[in-house]
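Undergrad: Input file: run38.tsv. Contents: TSV, C-alpha atoms and all ligand atoms.
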chain	number	residue	atom	x	y	z
K	274	MET	CA	-14.22	6.36	12.50
K	275	THR	CA	-16.74	5.04	9.99
K	276	THR	CA	-17.88	7.56	7.41
K	277	THR	CA	-20.58	5.67	5.60
K	278	THR	CA	-22.36	8.82	4.41
K	279	THR	CA	-19.52	9.85	2.09
K	280	SER	CA	-19.22	8.32	-1.36
K	281	PRO	CA	-16.89	5.34	-1.47
K	282	VAL	CA	-13.30	5.40	-2.68
K	283	LEU	CA	-13.74	1.79	-3.74
K	284	THR	CA	-16.83	0.09	-5.06
K	285	ALA	CA	-16.45	-3.54	-6.04
K	286	THR	CA	-19.64	-4.88	-7.56
K	287	GLY	CA	-20.36	-8.55	-8.21
K	288	VAL	CA	-16.69	-9.42	-8.63
K	289	THR	CA	-16.31	-13.02	-9.78
K	290	MET	CA	-13.09	-14.77	-10.77
K	291	ARG	CA	-13.08	-18.25	-12.26
K	292	PHE	CA	-10.03	-20.32	-13.10
K	293	GLY	CA	-11.35	-23.06	-15.36
K	294	GLY	CA	-13.79	-24.98	-13.19
K	295	LEU	CA	-12.74	-23.26	-9.94
K	296	THR	CA	-14.64	-20.19	-8.80
K	297	ALA	CA	-12.08	-18.46	-6.57
K	298	VAL	CA	-14.19	-15.32	-6.00
K	299	GLN	CA	-17.95	-15.29	-6.39
K	300	SER	CA	-20.14	-12.19	-6.74
K	301	VAL	CA	-18.34	-10.15	-4.10
K	302	ASP	CA	-19.56	-6.63	-3.37
K	303	LEU	CA	-17.40	-4.41	-1.20
K	304	ASP	CA	-17.21	-0.68	-0.55
K	305	VAL	CA	-14.44	1.22	1.18
K	306	HIS	CA	-15.17	4.79	2.27
K	307	PRO	CA	-12.71	7.63	2.79
K	308	GLY	CA	-11.15	7.49	6.23
K	309	GLU	CA	-11.89	3.81	6.70
K	310	ILE	CA	-9.71	0.84	7.51
K	311	VAL	CA	-11.49	-2.27	6.26
K	312	GLY	CA	-10.32	-5.82	6.96
K	313	LEU	CA	-10.66	-8.79	4.65
K	314	ILE	CA	-10.32	-12.12	6.40
K	315	GLY	CA	-11.04	-15.75	5.66
K	316	PRO	CA	-9.42	-19.17	5.78
K	317	ASN	CA	-6.52	-20.10	3.50
K	318	GLY	CA	-7.60	-20.34	-0.13
K	319	ALA	CA	-10.77	-18.30	0.50
K	320	GLY	CA	-10.00	-16.01	-2.45
K	321	LYS	CA	-8.67	-12.93	-0.63
K	322	THR	CA	-5.54	-12.43	-2.74
K	323	THR	CA	-7.46	-13.27	-5.90
K	324	PHE	CA	-9.95	-10.54	-4.98
K	325	PHE	CA	-7.07	-8.06	-4.53
K	326	ASN	CA	-5.73	-9.12	-7.92
K	327	CYS	CA	-9.13	-8.36	-9.43
K	328	LEU	CA	-9.23	-4.95	-7.73
K	329	THR	CA	-5.79	-3.99	-9.03
K	330	GLY	CA	-6.14	-5.16	-12.62
K	331	LEU	CA	-3.70	-8.05	-12.25
K	332	TYR	CA	-6.60	-10.32	-13.09
K	333	VAL	CA	-9.48	-9.40	-15.35
K	334	PRO	CA	-12.53	-10.47	-13.34
K	335	THR	CA	-14.77	-12.98	-15.09
K	336	GLU	CA	-17.71	-10.83	-14.01
K	337	GLY	CA	-18.29	-7.64	-12.09
K	338	SER	CA	-16.68	-4.23	-11.93
K	339	VAL	CA	-14.34	-2.19	-9.77
K	340	ALA	CA	-14.77	1.57	-9.41
K	341	TYR	CA	-12.47	4.09	-7.78
K	342	GLN	CA	-14.21	7.27	-6.59
K	343	GLY	CA	-17.19	6.38	-8.75
K	344	THR	CA	-15.27	5.73	-11.99
K	345	VAL	CA	-15.04	2.17	-13.27
K	346	LEU	CA	-11.40	1.13	-13.59
K	347	PRO	CA	-9.94	-0.57	-16.64
K	348	PRO	CA	-8.34	-3.86	-15.53
K	349	LYS	CA	-4.75	-2.70	-16.13
K	350	PRO	CA	-2.39	-2.46	-13.13
K	351	HIS	CA	-0.66	0.79	-14.20
K	352	LEU	CA	-4.00	2.52	-14.83
K	353	VAL	CA	-5.31	1.34	-11.48
K	354	THR	CA	-2.20	2.74	-9.75
K	355	GLN	CA	-2.51	5.97	-11.70
K	356	ALA	CA	-6.15	6.27	-10.63
K	357	GLY	CA	-5.14	6.07	-6.95
K	358	ILE	CA	-5.02	2.46	-5.72
K	359	ALA	CA	-1.71	1.04	-4.51
K	360	ARG	CA	-0.94	-2.35	-3.02
K	361	THR	CA	1.59	-4.57	-1.33
K	362	PHE	CA	2.01	-8.26	-2.08
K	363	GLN	CA	1.60	-11.37	0.07
K	364	ASN	CA	4.91	-12.56	-1.41
K	365	ILE	CA	7.14	-9.52	-1.12
K	366	ARG	CA	8.03	-8.06	-4.53
K	367	LEU	CA	10.94	-5.68	-4.11
K	368	PHE	CA	13.85	-5.03	-6.45
K	369	ALA	CA	16.38	-7.00	-4.43
K	370	ASN	CA	19.50	-5.38	-5.90
K	371	MET	CA	18.23	-1.82	-5.68
K	372	THR	CA	18.65	0.33	-2.61
K	373	VAL	CA	15.79	1.05	-0.26
K	374	LEU	CA	15.53	4.61	-1.64
K	375	GLU	CA	15.56	3.41	-5.26
K	376	ASN	CA	12.72	1.00	-4.53
K	377	VAL	CA	10.60	3.87	-3.27
K	378	LEU	CA	11.57	6.00	-6.29
K	379	VAL	CA	10.27	3.23	-8.56
K	380	GLY	CA	6.92	3.52	-6.81
K	381	ARG	CA	6.98	7.25	-7.49
K	382	HIS	CA	7.16	7.02	-11.28
K	383	THR	CA	3.39	7.10	-11.88
K	384	ARG	CA	3.32	10.55	-10.29
K	385	THR	CA	6.16	12.15	-12.26
K	386	ARG	CA	5.38	13.74	-15.58
K	387	GLU	CA	8.88	13.70	-17.03
K	388	GLY	CA	8.96	11.42	-20.07
K	389	LEU	CA	11.61	9.24	-21.61
K	390	TRP	CA	13.48	11.96	-23.56
K	391	SER	CA	13.59	14.22	-20.59
K	392	ALA	CA	15.04	11.38	-18.51
K	393	LEU	CA	17.61	10.46	-21.17
K	394	LEU	CA	18.75	14.03	-21.76
K	395	ARG	CA	18.62	14.78	-18.03
K	396	GLY	CA	17.42	18.31	-18.71
K	397	PRO	CA	16.47	20.83	-15.99
K	398	GLY	CA	12.87	19.55	-15.90
K	399	PHE	CA	14.09	16.05	-15.21
K	400	LYS	CA	16.53	17.18	-12.55
K	401	ARG	CA	13.83	19.17	-10.76
K	402	ALA	CA	11.42	16.23	-10.90
K	403	GLU	CA	14.15	13.86	-9.72
K	404	ALA	CA	14.98	16.07	-6.75
K	405	ALA	CA	11.30	16.39	-5.80
K	406	SER	CA	10.83	12.62	-6.06
K	407	LYS	CA	13.85	12.00	-3.85
K	408	THR	CA	12.56	14.43	-1.24
K	409	ARG	CA	9.18	12.71	-1.23
K	410	ALA	CA	10.77	9.24	-1.10
K	411	MET	CA	12.91	10.26	1.88
K	412	GLU	CA	9.82	11.61	3.64
K	413	LEU	CA	8.15	8.25	3.15
K	414	LEU	CA	11.21	6.43	4.50
K	415	GLU	CA	11.08	8.68	7.58
K	416	PHE	CA	7.38	7.96	7.91
K	417	THR	CA	7.87	4.19	7.76
K	418	GLY	CA	10.99	4.25	9.96
K	419	LEU	CA	13.45	3.23	7.25
K	420	ALA	CA	15.30	6.50	6.61
K	421	ASP	CA	18.57	5.27	8.13
K	422	LYS	CA	18.50	2.31	5.71
K	423	ALA	CA	17.99	4.42	2.57
K	424	ASP	CA	21.28	3.32	1.00
K	425	HIS	CA	21.04	-0.35	1.94
K	426	LEU	CA	20.25	-2.93	-0.69
K	427	SER	CA	16.68	-4.04	-0.11
K	428	ARG	CA	17.70	-7.71	-0.08
K	429	ASN	CA	19.80	-7.05	3.03
K	430	LEU	CA	16.86	-5.78	5.07
K	431	PRO	CA	15.31	-8.06	7.67
K	432	TYR	CA	11.98	-9.49	6.61
K	433	GLY	CA	9.84	-7.12	8.69
K	434	GLU	CA	11.57	-4.09	7.19
K	435	GLN	CA	11.10	-5.44	3.67
K	436	ARG	CA	7.37	-5.47	4.36
K	437	LYS	CA	7.59	-1.86	5.57
K	438	LEU	CA	9.52	-0.93	2.45
K	439	GLU	CA	6.74	-2.40	0.32
K	440	ILE	CA	4.34	-0.09	2.14
K	441	ALA	CA	6.63	2.92	1.57
K	442	ARG	CA	6.87	2.07	-2.13
K	443	ALA	CA	3.09	1.73	-2.42
K	444	LEU	CA	2.62	5.09	-0.67
K	445	ALA	CA	4.99	6.72	-3.16
K	446	SER	CA	2.22	6.74	-5.77
K	447	ASP	CA	0.13	8.98	-3.44
K	448	PRO	CA	-2.79	6.52	-3.28
K	449	GLY	CA	-6.27	7.33	-2.04
K	450	LEU	CA	-6.65	3.62	-1.23
K	451	LEU	CA	-3.95	1.26	-0.04
K	452	LEU	CA	-4.41	-2.51	-0.27
K	453	LEU	CA	-2.24	-4.55	2.11
K	454	ASP	CA	-1.96	-8.31	1.63
K	455	GLU	CA	-0.80	-9.85	4.91
K	456	PRO	CA	1.41	-6.94	6.01
K	457	THR	CA	2.46	-8.60	9.28
K	458	ALA	CA	3.19	-12.10	7.97
K	459	GLY	CA	6.49	-13.23	9.49
K	460	MET	CA	6.71	-10.28	11.89
K	461	ASN	CA	7.37	-10.52	15.62
K	462	PRO	CA	4.80	-9.01	18.04
K	463	GLN	CA	6.69	-5.68	18.33
K	464	GLU	CA	6.87	-5.30	14.56
K	465	THR	CA	3.20	-6.18	14.25
K	466	ARG	CA	2.32	-3.53	16.83
K	467	ALA	CA	4.42	-0.96	14.93
K	468	THR	CA	2.67	-1.90	11.69
K	469	GLU	CA	-0.68	-1.36	13.38
K	470	GLU	CA	0.43	2.17	14.32
K	471	LEU	CA	1.71	2.73	10.80
K	472	VAL	CA	-1.65	1.77	9.28
K	473	PHE	CA	-3.47	4.13	11.64
K	474	ALA	CA	-1.04	6.90	10.63
K	475	ILE	CA	-1.62	6.19	6.93
K	476	ARG	CA	-5.37	6.43	7.46
K	477	ASP	CA	-4.97	9.64	9.47
K	478	LEU	CA	-3.10	11.19	6.55
K	479	GLY	CA	-6.11	10.54	4.31
K	480	THR	CA	-5.51	7.17	2.64
K	481	ALA	CA	-8.22	4.56	3.10
K	482	VAL	CA	-6.93	1.06	3.76
K	483	LEU	CA	-8.17	-2.42	2.85
K	484	VAL	CA	-6.13	-5.06	4.63
K	485	ILE	CA	-5.92	-8.85	4.45
K	486	GLU	CA	-4.50	-10.52	7.55
K	487	HIS	CA	-4.64	-13.82	9.37
K	488	ASP	CA	-3.67	-12.17	12.67
K	489	MET	CA	-7.09	-11.60	14.19
K	490	ARG	CA	-5.90	-9.41	17.05
K	491	PHE	CA	-4.32	-7.07	14.49
K	492	ILE	CA	-7.50	-7.04	12.37
K	493	PHE	CA	-9.95	-6.49	15.21
K	494	ASN	CA	-7.82	-3.74	16.80
K	495	LEU	CA	-7.41	-1.91	13.57
K	496	CYS	CA	-10.49	-2.17	11.42
K	497	ASP	CA	-13.66	-0.09	11.33
K	498	ARG	CA	-15.29	-2.87	9.37
K	499	VAL	CA	-14.39	-6.44	8.51
K	500	ALA	CA	-15.57	-8.61	5.60
K	501	VAL	CA	-15.23	-12.37	5.77
K	502	LEU	CA	-14.62	-14.41	2.63
K	503	VAL	CA	-15.31	-18.12	2.70
K	504	GLN	CA	-14.85	-20.20	-0.43
K	505	GLY	CA	-14.91	-17.10	-2.58
K	506	GLN	CA	-18.11	-15.67	-1.15
K	507	LYS	CA	-18.62	-12.84	1.30
K	508	LEU	CA	-20.12	-14.56	4.31
K	509	VAL	CA	-20.37	-11.71	6.81
K	510	GLU	CA	-19.53	-8.02	6.93
K	511	GLY	CA	-19.67	-5.75	9.93
K	512	THR	CA	-17.80	-4.15	12.80
K	513	SER	CA	-15.12	-6.15	14.60
K	514	GLU	CA	-17.62	-6.89	17.39
K	515	VAL	CA	-20.26	-8.17	14.99
K	516	VAL	CA	-17.82	-10.36	13.07
K	517	GLN	CA	-16.17	-11.75	16.20
K	518	SER	CA	-19.45	-12.85	17.67
K	519	ASP	CA	-20.88	-14.36	14.47
K	520	GLU	CA	-20.84	-18.10	14.90
K	521	ARG	CA	-20.74	-18.68	11.13
K	522	VAL	CA	-17.32	-17.01	11.07
K	523	ILE	CA	-16.06	-19.16	13.90
K	524	ALA	CA	-17.47	-22.24	12.18
K	525	ALA	CA	-15.83	-21.28	8.89
K	526	TYR	CA	-12.43	-20.99	10.58
K	527	LEU	CA	-12.89	-24.17	12.52
K	528	GLY	CA	-14.06	-25.95	9.40
K	529	THR	CA	-17.31	-26.90	11.15
K	530	PRO	CA	-20.23	-27.23	8.74
K	531	PHE	CA	-23.11	-24.83	9.28
K	532	GLU	CA	-26.42	-24.31	7.55
K	533	GLY	CA	-26.16	-22.36	4.31
K	534	ALA	CA	-22.32	-22.33	4.33
K	535	PRO	CA	-20.77	-21.74	0.92
K	536	GLY	CA	-19.77	-25.14	-0.45
K	537	ALA	CA	-21.67	-26.97	2.32
K	538	GLU	CA	-23.66	-29.03	-0.15
K	539	GLU	CA	-20.56	-30.17	-2.01
K	540	ALA	CA	-18.81	-30.93	1.29
K	541	ALA	CA	-21.77	-33.02	2.41
K	542	GLU	CA	-21.69	-34.95	-0.87
K	543	VAL	CA	-17.97	-35.61	-0.55
K	544	GLU	CA	-18.43	-36.72	3.05
K	545	ALA	CA	-21.24	-39.06	2.09
K	546	ALA	CA	-19.14	-40.52	-0.74
K	547	GLU	CA	-16.16	-40.93	1.58
K	548	ALA	CA	-18.29	-42.60	4.23
K	549	GLY	CA	-19.35	-45.15	1.63
K	550	ALA	CA	-15.77	-45.84	0.51
K	551	ALA	CA	-13.67	-48.17	2.70
K	552	PRO	CA	-10.91	-48.08	3.64
K	553	ARG	CA	-10.75	-44.30	3.95
K	554	ALA	CA	-8.05	-42.73	1.77
K	555	THR	CA	-5.18	-40.99	3.50
K	556	GLY	CA	-3.32	-37.88	2.27
K	557	GLY	CA	-4.44	-36.07	-0.86
K	558	ALA	CA	-4.95	-32.43	-1.63
K	559	ALA	CA	-8.21	-32.03	0.28
K	560	GLN	CA	-6.63	-33.33	3.45
K	561	ASP	CA	-3.56	-31.12	3.01
K	562	GLU	CA	-5.88	-28.16	2.58
K	563	ALA	CA	-7.78	-29.12	5.73
K	564	GLN	CA	-4.51	-29.31	7.62
K	565	ARG	CA	-3.45	-25.91	6.35
K	566	GLY	CA	-6.76	-24.55	7.62
K	567	THR	CA	-6.16	-26.06	11.04
K	568	THR	CA	-2.70	-24.51	11.29
K	569	ALA	CA	-4.04	-21.09	10.38
K	570	ARG	CA	-6.78	-21.45	12.93
K	571	THR	CA	-4.32	-22.23	15.71
K	572	GLU	CA	-2.30	-19.11	14.93
K	573	ASP	CA	-5.38	-16.98	14.52
K	574	GLY	CA	-7.22	-18.11	17.58
K	575	GLN	CA	-4.76	-16.37	19.91
V	601	LIG	N1	-3.77	-17.96	-11.05
V	601	LIG	C1	-4.50	-18.93	-10.54
V	601	LIG	N2	-4.87	-19.99	-11.28
V	601	LIG	C2	-5.63	-20.98	-10.76
V	601	LIG	N3	-6.10	-20.99	-9.49
V	601	LIG	C3	-5.78	-19.97	-8.72
V	601	LIG	C4	-4.96	-18.87	-9.18
V	601	LIG	N4	-4.82	-17.97	-8.17
V	601	LIG	C5	-5.50	-18.48	-7.13
V	601	LIG	N5	-6.07	-19.66	-7.46
V	601	LIG	C6	-6.91	-20.48	-6.58
V	601	LIG	O1	-7.93	-19.66	-6.07
V	601	LIG	C7	-8.24	-19.99	-4.73
V	601	LIG	C8	-8.10	-18.76	-3.86
V	601	LIG	O2	-6.71	-18.46	-3.71
V	601	LIG	P1	-6.20	-17.15	-2.99
V	601	LIG	O3	-4.72	-17.13	-3.14
V	601	LIG	O4	-6.94	-15.99	-3.52
V	601	LIG	O5	-6.61	-17.42	-1.48
V	601	LIG	P2	-6.30	-16.56	-0.19
V	601	LIG	O6	-7.60	-16.31	0.49
V	601	LIG	O7	-5.46	-15.39	-0.52
V	601	LIG	O8	-5.47	-17.62	0.68
V	601	LIG	P3	-4.23	-17.39	1.70
V	601	LIG	O9	-4.84	-16.95	3.00
V	601	LIG	O10	-3.65	-18.76	1.82
V	601	LIG	O11	-3.30	-16.41	1.09
V	601	LIG	C9	-7.31	-21.13	-4.34
V	601	LIG	O12	-8.00	-22.34	-4.52
V	601	LIG	C10	-6.18	-20.99	-5.34
V	601	LIG	O13	-5.56	-22.23	-5.57
V	602	MG	MG	-3.59	-14.76	-0.02
Output the file's structure as structure tokens, nothing else.
TA:
Amino acid sequence: MTTTTTSPVLTATGVTMRFGGLTAVQSVDLDVHPGEIVGLIGPNGAGKTTFFNCLTGLYVPTEGSVAYQGTVLPPKPHLVTQAGIARTFQNIRLFANMTVLENVLVGRHTRTREGLWSALLRGPGFKRAEAASKTRAMELLEFTGLADKADHLSRNLPYGEQRKLEIARALASDPGLLLLDEPTAGMNPQETRATEELVFAIRDLGTAVLVIEHDMRFIFNLCDRVAVLVQGQKLVEGTSEVVQSDERVIAAYLGTPFEGAPGAEEAAEVEAAEAGAAPRATGGAAQDEAQRGTTARTEDGQ
């Protein structure tokens, strides 16, 4: 369901992130509306995670702004979470020596009002809040299918369940928008299918979702709309059908040059310079990067 008439939960405007001479994200605009699942795809190194980091205040964008429900967010992770945006990480970030339940309780803290003294003195207010948080955390473990593992240490969970736990922890802050960075990486097909169902269920409960994934089947099954980042720029945005049939997207994944492609001019210059230099150099970062792109394409093309 695409509800483009409602005002967006997320409005990213002209988001740019430079690291020294490298522009990782360049003037990206993106809206996410309530009830939507939006996909963010692009080859390795396209700037997808960097864009998420800009949205969540982990990075202060060099230019541009990020608004949640119409209010511009300060670039501070805890304020972004408090406002209503939660995320998971491409490289799982759980507290390895805490239990599954405790990890979800950590995610709950932005929604509990009990302060430090209350926690230290463990007064009745704290105990009530603690009980309510536990109830909510257990609900989320039920929802994500992890309830029977509540007392396990998170480091002992299989990889796929650690990814689910990250989702449960993110949901604990009651977000209006959930950002997922490669939620099915390392999962088997059954786990991926279950994650797809989980994301639909999250959306159905009223949380909009913005998801980065390399698994194209997952993305095109799931998303109302897909945006494609290539070399930091948004190349195409549209429904799964539109994006799948856009030859610029295919070219970007295949690494084939096309007219007007971001970075095409620079690539042409490099190619011309390389053609003039003999013998041709082997190895090097650019070649490694190209190989990484090829690997991703092979996985994605299925
Ligand atoms: N903190 C940083 N400092 C310098 N460069 C960075 C930093 N973070 C990311 N980059 C660079 O920004 C570019 C985009 O990286 P990013 O991780 O956002 O890509 P991605 O689209 O998420 O790729 P992948 O699909 O491999 O996860 C890369 O060239 C990367 O090396
Ligand atoms: Mg990434």
Undergrad: Which is closest to Ala369 in chain K among K:Ile440, K:Ala548, K:Val288, K:Leu430, if we use only C-alpha atoms?
TA: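 The shortest atom-to-atom distance to Ala369 in chain K comes from K:Leu430.
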Undergrad: Tell me, as a PyMOL selection string, which residues lie within 9 Å of Ile492 in chain K, counting only C-alpha atoms; anything in the same chain fewer than 3 positions away does not count.
TA: chain K and resi 311-314+469+484-489+495-496+499+513
Undergrad: Name all residues at most 9 Å from Phe325 in chain K (count all atoms listed in the file; drop same-chain ones fewer than 3 positions away) and give them as a ChimeraX atom specification.
TA: /K:320-322,328-332,360,452-454
Undergrad: Work out how far apart CA of Thr468 in chain K and atom C5 of ligand LIG 601 (chain V) are and give it in Å to one decimal.
TA: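 Value for the CA of Thr468 in chain K-atom C5 of ligand LIG 601 (chain V) distance: 26.4 Å.
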Undergrad: Smallest atom-to-atom distance to ligand LIG 601 (chain V): which of K:Val501, K:Val515, K:Val345, K:Leu367, using all atoms listed in the file?
TA: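 Once distances to ligand LIG 601 (chain V) are computed over all atoms listed in the file, the minimum belongs to K:Val501.
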Undergrad: Could you name the residues that touch Pro348 in chain K at 12 Å or less, counting all atoms listed in the file, but leaving out those on the same chain fewer than 5 positions away, as a PDB file with C-alpha atoms, in the coordinates of the input?
TA:
ATOM      1  CA  PHE K 325      -7.070  -8.060  -4.530  1.00  0.00           C
ATOM      2  CA  ASN K 326      -5.730  -9.120  -7.920  1.00  0.00           C
ATOM      3  CA  CYS K 327      -9.130  -8.360  -9.430  1.00  0.00           C
ATOM      4  CA  LEU K 328      -9.230  -4.950  -7.730  1.00  0.00           C
ATOM      5  CA  THR K 329      -5.790  -3.990  -9.030  1.00  0.00           C
ATOM      6  CA  GLY K 330      -6.140  -5.160 -12.620  1.00  0.00           C
ATOM      7  CA  LEU K 331      -3.700  -8.050 -12.250  1.00  0.00           C
ATOM      8  CA  TYR K 332      -6.600 -10.320 -13.090  1.00  0.00           C
ATOM      9  CA  VAL K 333      -9.480  -9.400 -15.350  1.00  0.00           C
ATOM     10  CA  PRO K 334     -12.530 -10.470 -13.340  1.00  0.00           C
ATOM     11  CA  THR K 335     -14.770 -12.980 -15.090  1.00  0.00           C
ATOM     12  CA  GLU K 336     -17.710 -10.830 -14.010  1.00  0.00           C
ATOM     13  CA  GLY K 337     -18.290  -7.640 -12.090  1.00  0.00           C
ATOM     14  CA  SER K 338     -16.680  -4.230 -11.930  1.00  0.00           C
ATOM     15  CA  VAL K 339     -14.340  -2.190  -9.770  1.00  0.00           C
ATOM     16  CA  ALA K 340     -14.770   1.570  -9.410  1.00  0.00           C
ATOM     17  CA  TYR K 341     -12.470   4.090  -7.780  1.00  0.00           C
ATOM     18  CA  VAL K 353      -5.310   1.340 -11.480  1.00  0.00           C
ATOM     19  CA  THR K 354      -2.200   2.740  -9.750  1.00  0.00           C
ATOM     20  CA  ALA K 356      -6.150   6.270 -10.630  1.00  0.00           C
TER      21      ALA K 356
END
Undergrad: Pick the closest to Thr323 in chain K from K:Ala546, K:Gly293, K:Leu450, K:Gly505: which is it, counting only C-alpha atoms?
TA: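 Ranking K:Ala546, K:Gly293, K:Leu450, K:Gly505 by distance to Thr323 in chain K, first place goes to K:Gly505.
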Undergrad: Could you give me, as an MDAnalysis selection string, the residues within 12 Å of Ser280 in chain K, counting all atoms listed in the file and dropping anything in the same chain fewer than 2 positions from it?
TA: chainID K and resid 276:278 282:284 304:309 340:344
Undergrad: I need the residue nearest Arg521 in chain K from this list: K:Leu502, K:Ala410, K:Val509, K:Ala545. Use all atoms listed in the file for the distance.
TA: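 Answer, going by the shortest atom-to-atom distance: K:Val509.
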Undergrad: Would you kindly return, as a PyMOL selection string, each protein, DNA or RNA residue with an atom no farther than 9 Å from any atom of Glu375 in chain K, considering all atoms listed in the file and excluding same-chain residues fewer than 6 positions away?
TA: chain K and resi 368+407+410+423-424
Undergrad: Report the distance between CA of Gln504 in chain K and CA of Gly318 in chain K in Å, rounded to one decimal place.
TA: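 It comes out at 7.3 Å.
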Undergrad: Could you check the closest approach to ligand MG 602 (chain V) for each of K:Gln517, K:Thr372, K:Asn317, K:Gln299 and tell me which residue wins, using all atoms listed in the file?
TA: K:Asn317
Undergrad: Taking into account only C-alpha atoms, which residue in the set K:Leu426, K:Leu378, K:Ala297, K:Ala525 is nearest to Gln506 in chain K?
TA: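 Going through K:Leu426, K:Leu378, K:Ala297, K:Ala525 one by one, the smallest distance to Gln506 in chain K is for K:Ala297.
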Undergrad: Take CA of Pro431 in chain K and CA of Leu471 in chain K and report the distance between them in Å, one decimal.
TA: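 Between CA of Pro431 in chain K and CA of Leu471 in chain K the gap is 17.6 Å.
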Undergrad: Using all atoms listed in the file, collect all residues at a distance of at most 12 Å from (5.3, -8.7, 14.5) as written in the file, then present them as a ChimeraX atom specification.
TA: /K:432-434,436-437,455-470,488,490-491
